[in-house]
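Participant: Take this structure, written in structure tokens, and hold onto it; I'll ask about it next.
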Amino acid sequence: MLEVRDLHAAVEGKEILKGLTLTVKPGEVHAIMGPNGSGKSTLSNVLAGRDGYEITSGEVLFEGQPLADMETEERARAGIFLAFQYPVEIPGVSNMEFLKASLEAVRAAQGKEPLDAVTLLRRAREACQHVNLDQQFLKRGVNEGFSGGEKKRNEIMQMMLLEPKLALLDETDSGLDIDALQVVAKGVNALRSPERSIVLVTHYQRLLDYIVPDFVHVLADGRIIKSGGKELALELEQKGYGWLTGEEESA
Amino acid sequence: MTPAEQLKQNSVTLASNAQHQDGLAAHRGEALDKLRLLPFPEKKQEAWKYTGLNALTAGQLERVAPALSADADIASSIPSLGDCLIVVGNGVLTGQLPAPNGLSITPLSADSINDASPDTFFGWLNTASLSHGLLLKTEPNVKVAGIVHLVFFNQAQTPCHATNRLQIELAEGSELTVIEHYIGSGPILTNALTHIQAGANSRLTHYRLQSESADSLHIGNLQIDQQRDSRVDSSQLMRGNVLRRNDVHVRMLESGADLAMRGVFIARDKSHIDNHINVEHVAPHCHSDQVYKGIAGENGRAVFNGRIHIHQYAKGSDAGLSNNNMLLSNEAEIDSKPELEIYNDDVKCAHGTTIGQMDAGQLFYLRSRGIDAASAKRMLGTGFVNETLHAMQDEAVREWATQWLGEAL
Ligand SMILES: Nc1ncnc2c1ncn2[C@@H]1O[C@H](COP(=O)(O)OP(=O)(O)O)[C@@H](O)[C@H]1O
Ligand SMILES: [Mg+2]
């Protein structure tokens, strides 16, 4: 599904990712953990194709295709979904209008007919219910005036509608209370399937109590310095990151 | 002779040729005298700093617009927005004047014409070259049902000048909704002058839609005079073309007057739009609220000059003006300048202007959901002005405006 090989990436001329390698197979759930500033969001943005995030060497393949050749929207249409750490507010563009445009674009790329208005609305309402988001949010501007938790749930809601092949969740758990965390986890778990891959980016172990990963990776200073199973997350929880980053320094 | 002197001479000649013996002769003559005394607008004058009139050397001031050819298909280009349609083609009324209840619609005559022309060069040229004007006059205390849709259709193959003149008078306690709508194409200069008088306790909902094609030219003067407790709600939608200049002058002459004025102007490609707005609080306890949004893309150029003038005796004035602008390219340019002149201290006055690029984070967010860059930009542009369109009261106009916006972006 996703193949990241010795990826070096720079933001505004500053190298942030310094040789990152990661393989995600269909059906797998990976957690990428790491302290603040270690490059987690940079990785998410590089994968989604944000302007200004430049791949300086190495490569990223999605279903065998180099991502570097694809525009941001092409990646989304191919099935990559990024749940933003900080979802953007777009006043004046209604959530519903946005969902419609997004779904139409993604479905068209997959050779599917656009949904009729009634079906679209029904699905959007169901997705809202799934993440405990009041339907009124469909009428509001995209993320406009939403609380932190509402924004995160809106991301998951979009993910449920778009049914991506690869979902990248950038700190979707941070800033959520336990109830909201469970709602989000329920949404993500509902999407788990043998064809779909999920990459959870987080710096807390907490989310992984609810979404159990197959693999855990530790990202520090732009590199994955340790990989393991779900028990690695617990070990990190007990010992903190210093244990690993220290090991790295002395190595 | 400098180009400006030449254009001035052309204007005077154009107006002189328009003189003939009818009821309006004296008014035209006086306006012509006035015109002779005024200099032709040039960039060295502050009010014309950003708008040169070189485009007019193509000959727009040398010929009066010919009558529309009989086979001109006007009807198909007019959207159905109102309940009562009046069409003026190249300055001349086509068809019969309707007679809705509570409203008289008549040709402007010597007895009815409001002499207080906006004191601008093209305002005087309008009066000096006037032959057909329209007067809309309400009966007191009547709410005119439906929407009056006035279409000014100006079209020509060669450069020429069309005079459009509209006078709207609301009697005490009356209500009216009116659209003045400019459409057409070709290198014709529309010289439009609209004079609105809102009588005591009257309510006017006014739309000024300017959607001529990009090869046309338009210089407009809008004068609004408000009396005691009148309420005017005016929405102005403008698309850039070879030359577009609007001077809007509102005078709040008696206390309790209320003005809500909003506008959207869009300059794409090489088009030009210049808005000069002047709201004068002459009397105490009046309220004005203005919201203008501008978008410029490619090599488009827009100007917004918003002046609020609060007179010495206008205590308790409440005036607000906001002008937010969005640039779609690095080559586009918008110049926005608020001007406040306040001559007493019992005043609430807020103004703000911003100019920004389209937000890269918002654009990325939309694209990351599969929406292509062009559509995403269109959505953001629409979102930026949506609030202003939503504030327009009539659904038919709102729908037209949404479509218009989609085409413009
Ligand atoms: N737009 C940017 N410009 C410059 N530096 C940036 C930018 N974005 C992130 N960085 C830097 O990159 C490093 C990694 O940031 P980030 O990927 O956001 O980390 P994380 O998500 O793991 O907290 C930090 O040192 C941060 O300061
Ligand atoms: Mg981050």
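A note on labels: chains of the structure tokens are A, B, ... as shown, every chain counts residues from 1, and ligands are counted from 1 in their shown order.
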For B:Arg367, list every protein, DNA or RNA residue within 10 Å, evaluated using only C-alpha atoms, and leave out those in the same chain fewer than 4 positions away; present the list as a short mmCIF file (atom, residue, chain, number, x, y, z; two decimals) with C-alpha atoms, in the first residue's frame.
Facilitator:
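What follows is the written file around03.cif:
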```
data_model
loop_
_atom_site.label_atom_id
_atom_site.label_comp_id
_atom_site.auth_asym_id
_atom_site.auth_seq_id
_atom_site.Cartn_x
_atom_site.Cartn_y
_atom_site.Cartn_z
CA ALA A 48 -0.65 14.54 1.34
CA GLY A 49 1.38 16.78 -0.95
CA ARG A 50 1.34 20.14 0.75
CA GLU A 71 -0.95 16.55 -7.26
CA THR A 72 -2.56 16.80 -3.84
CA GLU A 73 -6.05 16.24 -5.25
CA GLU A 74 -4.87 13.26 -7.31
CA ARG A 75 -3.56 11.60 -4.17
CA ALA A 76 -6.90 12.12 -2.47
CA ARG A 77 -8.70 10.67 -5.48
CA SER A 102 -15.19 16.29 -2.34
CA GLY B 361 -3.95 26.39 4.15
CA GLN B 362 -7.60 26.52 3.09
CA LEU B 363 -6.66 25.69 -0.48
CA ILE B 371 -11.21 18.95 -5.06
CA ASP B 372 -9.15 20.26 -7.99
CA ALA B 373 -7.26 23.52 -7.56
CA ALA B 374 -9.50 25.56 -9.88
CA SER B 375 -12.71 24.43 -8.18
CA ALA B 376 -11.15 24.93 -4.77
CA LYS B 377 -10.25 28.51 -5.67
#
```
Participant: Could you list the protein, DNA and RNA residues that have any atom within 8 Å of ligand 2, counting only C-alpha atoms and all ligand atoms, and write them as a list in words?
Facilitator: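 These are the residues that qualify: Asn36, Gly37, Gly39, Lys40, Ser41, Thr42, Gln85, Asp170 and Glu171 of chain A.
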Participant: Please identify every polymer residue within 10 Å of ligand 1, using only C-alpha atoms and all ligand atoms, and present the set as a VMD selection string.
Facilitator: chain A and resid 10 to 17 32 to 46 51 to 53 85 170 to 171 201 to 203 219 to 222
Participant: Could you take the residues named above and write them with N, CA and C atoms, as an mmCIF file, in the first residue's frame?
Facilitator:
```
data_model
loop_
_atom_site.group_PDB
_atom_site.id
_atom_site.type_symbol
_atom_site.label_atom_id
_atom_site.label_comp_id
_atom_site.auth_asym_id
_atom_site.auth_seq_id
_atom_site.Cartn_x
_atom_site.Cartn_y
_atom_site.Cartn_z
ATOM 1 N N ALA A 10 12.359 18.484 3.192
ATOM 2 C CA ALA A 10 12.695 19.789 3.768
ATOM 3 C C ALA A 10 11.484 20.710 3.741
ATOM 4 N N VAL A 11 11.389 21.537 4.762
ATOM 5 C CA VAL A 11 10.372 22.582 4.800
ATOM 6 C C VAL A 11 11.105 23.909 4.810
ATOM 7 N N GLU A 12 10.769 24.749 3.861
ATOM 8 C CA GLU A 12 11.428 26.052 3.739
ATOM 9 C C GLU A 12 12.948 25.909 3.844
ATOM 10 N N GLY A 13 13.466 24.945 3.116
ATOM 11 C CA GLY A 13 14.910 24.778 3.038
ATOM 12 C C GLY A 13 15.538 24.073 4.239
ATOM 13 N N LYS A 14 14.716 23.768 5.245
ATOM 14 C CA LYS A 14 15.272 23.128 6.443
ATOM 15 C C LYS A 14 14.938 21.634 6.413
ATOM 16 N N GLU A 15 15.964 20.811 6.534
ATOM 17 C CA GLU A 15 15.713 19.373 6.468
ATOM 18 C C GLU A 15 15.045 18.886 7.752
ATOM 19 N N ILE A 16 13.868 18.277 7.611
ATOM 20 C CA ILE A 16 13.124 17.804 8.788
ATOM 21 C C ILE A 16 13.106 16.277 8.821
ATOM 22 N N LEU A 17 12.819 15.653 7.695
ATOM 23 C CA LEU A 17 12.861 14.187 7.641
ATOM 24 C C LEU A 17 14.228 13.774 7.096
ATOM 25 N N ILE A 32 2.540 5.804 14.605
ATOM 26 C CA ILE A 32 3.831 6.488 14.608
ATOM 27 C C ILE A 32 3.826 7.427 15.803
ATOM 28 N N MET A 33 4.740 7.173 16.716
ATOM 29 C CA MET A 33 4.785 7.971 17.929
ATOM 30 C C MET A 33 6.094 8.731 17.968
ATOM 31 N N GLY A 34 6.044 9.843 18.655
ATOM 32 C CA GLY A 34 7.279 10.600 18.755
ATOM 33 C C GLY A 34 7.016 11.906 19.460
ATOM 34 N N PRO A 35 8.054 12.465 20.056
ATOM 35 C CA PRO A 35 7.861 13.717 20.790
ATOM 36 C C PRO A 35 7.491 14.859 19.841
ATOM 37 N N ASN A 36 7.010 15.953 20.429
ATOM 38 C CA ASN A 36 6.702 17.142 19.632
ATOM 39 C C ASN A 36 7.926 17.575 18.854
ATOM 40 N N GLY A 37 7.707 17.925 17.615
ATOM 41 C CA GLY A 37 8.810 18.451 16.809
ATOM 42 C C GLY A 37 9.643 17.372 16.153
ATOM 43 N N SER A 38 9.231 16.116 16.278
ATOM 44 C CA SER A 38 10.063 15.049 15.722
ATOM 45 C C SER A 38 9.846 14.875 14.213
ATOM 46 N N GLY A 39 8.773 15.482 13.674
ATOM 47 C CA GLY A 39 8.566 15.424 12.223
ATOM 48 C C GLY A 39 7.316 14.658 11.819
ATOM 49 N N LYS A 40 6.447 14.364 12.769
ATOM 50 C CA LYS A 40 5.255 13.564 12.476
ATOM 51 C C LYS A 40 4.333 14.290 11.489
ATOM 52 N N SER A 41 4.035 15.557 11.777
ATOM 53 C CA SER A 41 3.146 16.303 10.876
ATOM 54 C C SER A 41 3.825 16.561 9.538
ATOM 55 N N THR A 42 5.127 16.734 9.571
ATOM 56 C CA THR A 42 5.852 16.923 8.314
ATOM 57 C C THR A 42 5.654 15.700 7.425
ATOM 58 N N LEU A 43 5.765 14.528 8.016
ATOM 59 C CA LEU A 43 5.533 13.304 7.246
ATOM 60 C C LEU A 43 4.111 13.290 6.667
ATOM 61 N N SER A 44 3.130 13.601 7.500
ATOM 62 C CA SER A 44 1.734 13.634 7.026
ATOM 63 C C SER A 44 1.575 14.601 5.858
ATOM 64 N N ASN A 45 2.153 15.797 6.008
ATOM 65 C CA ASN A 45 2.017 16.814 4.958
ATOM 66 C C ASN A 45 2.732 16.417 3.676
ATOM 67 N N VAL A 46 3.883 15.779 3.816
ATOM 68 C CA VAL A 46 4.614 15.316 2.623
ATOM 69 C C VAL A 46 3.765 14.275 1.893
ATOM 70 N N ASP A 51 2.105 22.098 -0.492
ATOM 71 C CA ASP A 51 3.115 22.974 -1.096
ATOM 72 C C ASP A 51 4.161 23.338 -0.054
ATOM 73 N N GLY A 52 5.399 23.405 -0.490
ATOM 74 C CA GLY A 52 6.461 23.831 0.414
ATOM 75 C C GLY A 52 7.122 22.684 1.164
ATOM 76 N N TYR A 53 6.515 21.499 1.070
ATOM 77 C CA TYR A 53 7.131 20.325 1.694
ATOM 78 C C TYR A 53 7.808 19.538 0.584
ATOM 79 N N GLN A 85 -4.030 17.546 11.827
ATOM 80 C CA GLN A 85 -3.821 17.858 13.245
ATOM 81 C C GLN A 85 -4.582 19.141 13.589
ATOM 82 N N ASP A 170 -3.419 12.487 11.872
ATOM 83 C CA ASP A 170 -2.370 13.244 12.543
ATOM 84 C C ASP A 170 -2.878 13.785 13.880
ATOM 85 N N GLU A 171 -2.491 13.145 14.932
ATOM 86 C CA GLU A 171 -2.861 13.555 16.303
ATOM 87 C C GLU A 171 -4.352 13.816 16.421
ATOM 88 N N VAL A 201 -0.912 8.857 13.840
ATOM 89 C CA VAL A 201 0.212 9.639 14.340
ATOM 90 C C VAL A 201 -0.205 10.210 15.689
ATOM 91 N N THR A 202 0.607 9.979 16.694
ATOM 92 C CA THR A 202 0.201 10.446 18.017
ATOM 93 C C THR A 202 1.425 10.603 18.894
ATOM 94 N N HIS A 203 1.288 11.339 19.994
ATOM 95 C CA HIS A 203 2.382 11.221 20.942
ATOM 96 C C HIS A 203 1.910 10.723 22.306
ATOM 97 N N LEU A 219 9.315 7.823 16.079
ATOM 98 C CA LEU A 219 9.952 8.808 15.201
ATOM 99 C C LEU A 219 10.676 9.816 16.076
ATOM 100 N N ALA A 220 11.955 10.032 15.796
ATOM 101 C CA ALA A 220 12.698 11.068 16.509
ATOM 102 C C ALA A 220 13.659 11.706 15.532
ATOM 103 N N ASP A 221 13.662 13.037 15.562
ATOM 104 C CA ASP A 221 14.558 13.804 14.696
ATOM 105 C C ASP A 221 14.516 13.325 13.241
ATOM 106 N N GLY A 222 13.303 13.100 12.744
ATOM 107 C CA GLY A 222 13.145 12.842 11.312
ATOM 108 C C GLY A 222 13.467 11.435 10.859
#
```
Participant: Return the single residue from A:Leu208, A:Ile225, A:Leu168, A:Ala190 that is closest to chain B, with distances computed using only C-alpha atoms.
Facilitator: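 Distance minimum relative to chain B lands on A:Leu168.
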Participant: Would you list the contacts of stretch 246-258 of chain B as a list in words, taking every protein, DNA or RNA residue within 6 Å and counting only C-alpha atoms, but skipping same-chain residues closer than 4 positions in sequence?
Facilitator: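 In the requested format, the answer is Ile219, Gly220, Asn221, Leu222, Gln223, Ile224, Asp225, Gln226, Gln227, Arg228, Asp229, Ser230, Arg231, Asn275, His276, Ile277, Asn278, Val279, Glu280, His281, Val282, Ala283, Pro284, His285, Cys286, His287 and Ser288 of chain B.
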Participant: Which residues come within 9 Å of stretch 399-407 of chain B, counting only C-alpha atoms, excluding same-chain residues fewer than 2 positions away, as a count of residues only?
Facilitator: 18
Participant: Need to verify the contact set: A:Asn132, 10 Å, only C-alpha atoms, exclusion of same-chain residues closer than 3 positions in sequence. Can you return it as a ChimeraX atom specification?
Facilitator: /A:126-129,135,150,153-154,157,180,183-184
Participant: Keeping only all heavy atoms, write those residues as a JSON list (two decimals), in the first residue's frame.
Facilitator:
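File written: result_31.json
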```json
[["chain", "number", "residue", "atom", "x", "y", "z"],
["A", 126, "GLU", "N", -25.81, 10.13, 8.55],
["A", 126, "GLU", "CA", -25.39, 8.90, 9.24],
["A", 126, "GLU", "C", -23.96, 9.03, 9.76],
["A", 126, "GLU", "O", -23.66, 8.65, 10.89],
["A", 126, "GLU", "CB", -25.46, 7.70, 8.27],
["A", 126, "GLU", "CG", -26.87, 7.20, 8.04],
["A", 126, "GLU", "CD", -26.97, 6.25, 6.84],
["A", 126, "GLU", "OE1", -25.92, 5.92, 6.25],
["A", 126, "GLU", "OE2", -28.10, 5.87, 6.51],
["A", 127, "ALA", "N", -23.10, 9.61, 8.90],
["A", 127, "ALA", "CA", -21.70, 9.77, 9.32],
["A", 127, "ALA", "C", -21.61, 10.70, 10.52],
["A", 127, "ALA", "O", -20.83, 10.46, 11.45],
["A", 127, "ALA", "CB", -20.87, 10.30, 8.15],
["A", 128, "CYS", "N", -22.43, 11.75, 10.52],
["A", 128, "CYS", "CA", -22.47, 12.66, 11.67],
["A", 128, "CYS", "C", -22.86, 11.91, 12.93],
["A", 128, "CYS", "O", -22.25, 12.05, 13.99],
["A", 128, "CYS", "CB", -23.47, 13.80, 11.44],
["A", 128, "CYS", "SG", -22.82, 15.11, 10.41],
["A", 129, "GLN", "N", -23.91, 11.10, 12.80],
["A", 129, "GLN", "CA", -24.39, 10.33, 13.95],
["A", 129, "GLN", "C", -23.28, 9.43, 14.49],
["A", 129, "GLN", "O", -23.09, 9.33, 15.70],
["A", 129, "GLN", "CB", -25.56, 9.45, 13.51],
["A", 129, "GLN", "CG", -26.88, 9.93, 14.08],
["A", 129, "GLN", "CD", -28.05, 9.21, 13.42],
["A", 129, "GLN", "OE1", -27.87, 8.15, 12.82],
["A", 129, "GLN", "NE2", -29.22, 9.80, 13.53],
["A", 135, "GLN", "N", -26.26, 17.32, 13.38],
["A", 135, "GLN", "CA", -26.44, 17.54, 11.93],
["A", 135, "GLN", "C", -26.37, 19.01, 11.54],
["A", 135, "GLN", "O", -26.14, 19.35, 10.38],
["A", 135, "GLN", "CB", -27.77, 16.96, 11.48],
["A", 135, "GLN", "CG", -27.76, 15.45, 11.50],
["A", 135, "GLN", "CD", -29.14, 14.90, 11.25],
["A", 135, "GLN", "OE1", -30.02, 15.62, 10.79],
["A", 135, "GLN", "NE2", -29.32, 13.62, 11.53],
["A", 150, "GLU", "N", -14.83, 19.04, 18.05],
["A", 150, "GLU", "CA", -15.76, 19.00, 16.91],
["A", 150, "GLU", "C", -15.01, 18.95, 15.59],
["A", 150, "GLU", "O", -15.39, 18.25, 14.65],
["A", 150, "GLU", "CB", -16.71, 20.20, 16.96],
["A", 150, "GLU", "CG", -17.76, 20.07, 18.05],
["A", 150, "GLU", "CD", -18.38, 21.41, 18.46],
["A", 150, "GLU", "OE1", -17.95, 22.47, 17.96],
["A", 150, "GLU", "OE2", -19.29, 21.37, 19.31],
["A", 153, "ARG", "N", -13.75, 15.44, 15.09],
["A", 153, "ARG", "CA", -14.84, 14.52, 14.72],
["A", 153, "ARG", "C", -15.30, 14.77, 13.29],
["A", 153, "ARG", "O", -15.70, 13.86, 12.57],
["A", 153, "ARG", "CB", -16.00, 14.66, 15.72],
["A", 153, "ARG", "CG", -15.69, 13.90, 17.01],
["A", 153, "ARG", "CD", -16.83, 13.94, 17.97],
["A", 153, "ARG", "NE", -16.82, 15.18, 18.73],
["A", 153, "ARG", "CZ", -17.90, 15.72, 19.30],
["A", 153, "ARG", "NH1", -19.07, 15.13, 19.18],
["A", 153, "ARG", "NH2", -17.80, 16.83, 19.98],
["A", 154, "ASN", "N", -15.22, 16.05, 12.88],
["A", 154, "ASN", "CA", -15.57, 16.39, 11.49],
["A", 154, "ASN", "C", -14.59, 15.71, 10.52],
["A", 154, "ASN", "O", -14.99, 15.26, 9.44],
["A", 154, "ASN", "CB", -15.54, 17.91, 11.33],
["A", 154, "ASN", "CG", -16.28, 18.38, 10.09],
["A", 154, "ASN", "OD1", -17.20, 17.71, 9.60],
["A", 154, "ASN", "ND2", -15.90, 19.53, 9.56],
["A", 157, "MET", "N", -15.62, 12.14, 10.32],
["A", 157, "MET", "CA", -16.86, 12.08, 9.56],
["A", 157, "MET", "C", -16.56, 12.08, 8.05],
["A", 157, "MET", "O", -17.10, 11.27, 7.29],
["A", 157, "MET", "CB", -17.72, 13.30, 9.95],
["A", 157, "MET", "CG", -19.15, 13.24, 9.53],
["A", 157, "MET", "SD", -19.42, 14.06, 7.98],
["A", 157, "MET", "CE", -19.41, 15.76, 8.53],
["A", 180, "ALA", "N", -14.95, 11.69, 23.77],
["A", 180, "ALA", "CA", -14.73, 12.01, 22.35],
["A", 180, "ALA", "C", -13.70, 11.07, 21.75],
["A", 180, "ALA", "O", -13.82, 10.65, 20.59],
["A", 180, "ALA", "CB", -14.27, 13.46, 22.22],
["A", 183, "VAL", "N", -15.39, 7.97, 20.80],
["A", 183, "VAL", "CA", -16.19, 8.17, 19.59],
["A", 183, "VAL", "C", -15.31, 8.09, 18.35],
["A", 183, "VAL", "O", -15.63, 7.41, 17.37],
["A", 183, "VAL", "CB", -16.91, 9.54, 19.65],
["A", 183, "VAL", "CG1", -17.44, 9.93, 18.29],
["A", 183, "VAL", "CG2", -18.03, 9.51, 20.67],
["A", 184, "VAL", "N", -14.19, 8.79, 18.41],
["A", 184, "VAL", "CA", -13.26, 8.79, 17.29],
["A", 184, "VAL", "C", -12.74, 7.38, 17.03],
["A", 184, "VAL", "O", -12.70, 6.91, 15.89],
["A", 184, "VAL", "CB", -12.11, 9.79, 17.55],
["A", 184, "VAL", "CG1", -10.94, 9.53, 16.62],
["A", 184, "VAL", "CG2", -12.61, 11.21, 17.41]]
```
Participant: From the options B:Asp115, B:Glu62, B:Asp83, B:Glu180, which residue's atoms come nearest to B:Ala18, counting only C-alpha atoms?
Facilitator: B:Glu62
Participant: Fewer than 4 positions away in the same chain doesn't count, so skip those; otherwise give me all residues within 10 Å of stretch 12-14 of chain B, counting only C-alpha atoms, as a list in words.
Facilitator: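 Near neighbours after the sequence-gap exclusion: Gln6, Leu7, Lys8, Ala18, Gln19, Leu32, Asp33, Leu35, Arg36, Gln60, Leu61, Glu62, Arg63, Val64, Leu125, Ala128, Ser129 and His161 of chain B.
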Participant: Show which residues sit within 10 Å of stretch 162-164 of chain A, as a list in words. Count only C-alpha atoms, and ignore same-chain residues fewer than 2 positions away.
Facilitator: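 Contacts, with the query itself left out: Ala76, Arg77, Ala78, Gly79, Ile80, Phe81, Leu82, Leu99, Ser102, Leu103, Glu104, Val106, Arg107, Ile156, Met157, Gln158, Met159, Met160, Leu166, Ala167, Leu168, Leu191, Glu195, Arg196, Ser197 and Ile198 of chain A; Arg369 and Gly370 of chain B.
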Participant: Would you write out those residues with N, CA, C and O atoms, as a compact mmCIF listing (two decimals), in the first residue's frame?
Facilitator:
```txt
# COMPACT_ATOMS: atom_id res chain seq x y z
N ALA A 76 -5.63 12.34 -3.18
CA ALA A 76 -6.90 12.12 -2.47
C ALA A 76 -7.81 11.22 -3.30
O ALA A 76 -8.46 10.32 -2.78
N ARG A 77 -7.82 11.47 -4.61
CA ARG A 77 -8.70 10.67 -5.48
C ARG A 77 -8.21 9.23 -5.58
O ARG A 77 -9.01 8.32 -5.78
N ALA A 78 -6.89 9.05 -5.41
CA ALA A 78 -6.35 7.69 -5.45
C ALA A 78 -6.63 6.96 -4.14
O ALA A 78 -6.43 5.74 -4.07
N GLY A 79 -7.08 7.69 -3.11
CA GLY A 79 -7.48 7.01 -1.88
C GLY A 79 -6.66 7.34 -0.64
O GLY A 79 -6.73 6.64 0.36
N ILE A 80 -5.91 8.44 -0.69
CA ILE A 80 -5.17 8.85 0.52
C ILE A 80 -6.00 9.91 1.25
O ILE A 80 -6.50 10.85 0.64
N PHE A 81 -6.14 9.74 2.53
CA PHE A 81 -6.89 10.71 3.33
C PHE A 81 -6.05 11.13 4.51
O PHE A 81 -5.54 10.30 5.25
N LEU A 82 -5.91 12.43 4.68
CA LEU A 82 -5.20 12.95 5.85
C LEU A 82 -6.19 13.64 6.78
O LEU A 82 -6.86 14.59 6.39
N LEU A 99 -18.52 18.75 1.33
CA LEU A 99 -18.58 17.29 1.27
C LEU A 99 -19.04 16.83 -0.11
O LEU A 99 -18.54 15.86 -0.66
N SER A 102 -16.24 17.26 -2.61
CA SER A 102 -15.19 16.29 -2.34
C SER A 102 -15.62 14.88 -2.78
O SER A 102 -14.89 14.20 -3.51
N LEU A 103 -16.80 14.49 -2.38
CA LEU A 103 -17.29 13.16 -2.73
C LEU A 103 -17.44 12.99 -4.23
O LEU A 103 -17.09 11.96 -4.80
N GLU A 104 -17.95 14.03 -4.88
CA GLU A 104 -18.11 13.96 -6.33
C GLU A 104 -16.78 13.75 -7.01
O GLU A 104 -16.64 12.91 -7.91
N VAL A 106 -13.91 12.56 -5.74
CA VAL A 106 -13.29 11.27 -5.42
C VAL A 106 -14.04 10.12 -6.10
O VAL A 106 -13.44 9.22 -6.68
N ARG A 107 -15.36 10.19 -6.08
CA ARG A 107 -16.15 9.12 -6.71
C ARG A 107 -15.94 9.11 -8.23
O ARG A 107 -15.83 8.04 -8.84
N ILE A 156 -13.07 12.83 11.02
CA ILE A 156 -13.42 11.40 10.97
C ILE A 156 -14.70 11.20 10.16
O ILE A 156 -14.83 10.24 9.40
N MET A 157 -15.62 12.14 10.32
CA MET A 157 -16.86 12.08 9.56
C MET A 157 -16.56 12.08 8.05
O MET A 157 -17.10 11.27 7.29
N GLN A 158 -15.67 12.98 7.62
CA GLN A 158 -15.29 13.03 6.20
C GLN A 158 -14.64 11.72 5.78
O GLN A 158 -14.88 11.21 4.68
N MET A 159 -13.81 11.19 6.65
CA MET A 159 -13.12 9.94 6.33
C MET A 159 -14.12 8.81 6.11
O MET A 159 -13.98 8.02 5.18
N MET A 160 -15.15 8.80 6.95
CA MET A 160 -16.15 7.73 6.81
C MET A 160 -16.88 7.83 5.48
O MET A 160 -17.21 6.83 4.85
N LEU A 166 -6.00 4.55 2.27
CA LEU A 166 -4.97 4.81 3.28
C LEU A 166 -5.38 6.05 4.08
O LEU A 166 -5.51 7.14 3.52
N ALA A 167 -5.60 5.84 5.38
CA ALA A 167 -5.98 6.98 6.22
C ALA A 167 -4.81 7.34 7.12
O ALA A 167 -4.24 6.48 7.79
N LEU A 168 -4.44 8.63 7.07
CA LEU A 168 -3.38 9.13 7.95
C LEU A 168 -4.06 10.02 8.98
O LEU A 168 -4.70 11.00 8.62
N LEU A 191 -13.87 1.43 10.28
CA LEU A 191 -13.29 1.46 8.94
C LEU A 191 -12.21 0.40 8.73
O LEU A 191 -11.74 0.18 7.63
N GLU A 195 -8.64 -4.38 3.25
CA GLU A 195 -8.14 -3.61 2.10
C GLU A 195 -7.63 -2.23 2.52
O GLU A 195 -7.07 -1.52 1.71
N ARG A 196 -7.90 -1.86 3.74
CA ARG A 196 -7.62 -0.47 4.12
C ARG A 196 -6.47 -0.41 5.12
O ARG A 196 -6.39 -1.24 6.02
N SER A 197 -5.62 0.59 4.94
CA SER A 197 -4.52 0.76 5.88
C SER A 197 -4.71 2.05 6.66
O SER A 197 -5.24 3.03 6.13
N ILE A 198 -4.27 2.02 7.90
CA ILE A 198 -4.44 3.19 8.75
C ILE A 198 -3.10 3.51 9.41
O ILE A 198 -2.42 2.62 9.92
N ARG B 369 -8.92 16.90 -0.14
CA ARG B 369 -10.15 16.11 -0.16
C ARG B 369 -10.57 15.79 -1.59
O ARG B 369 -11.73 15.46 -1.85
N GLY B 370 -9.66 15.97 -2.53
CA GLY B 370 -9.92 15.57 -3.91
C GLY B 370 -10.45 16.67 -4.81
O GLY B 370 -10.69 16.44 -5.99
```
Participant: As a ChimeraX atom specification, list the residues of stretch 2-232 of chain A assigned to strand (DSSP E or B) by DSSP on the backbone atoms of this structure.
Facilitator: /A:2-11,14-24,29-33,53-62,65-66,80-83,90-94,141-142,166-170,197-202,215-220,223-228
Participant: Between A:Leu200, A:Val142, A:Val60, A:Ala117, which is the closest to chain B once you count only C-alpha atoms?
Facilitator: A:Val142
Participant: Just give me the gap between atom CA of B:Ala408 and atom CA of B:Asp73 in Å, one decimal is fine.
Facilitator: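 It comes out at 22.9 Å.
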Participant: Hey, which of A:Val188, A:Leu176, A:Val88, A:Val4 ends up closest to chain B? Count only C-alpha atoms.
Facilitator: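 Smallest separation from chain B among the options: A:Val88.
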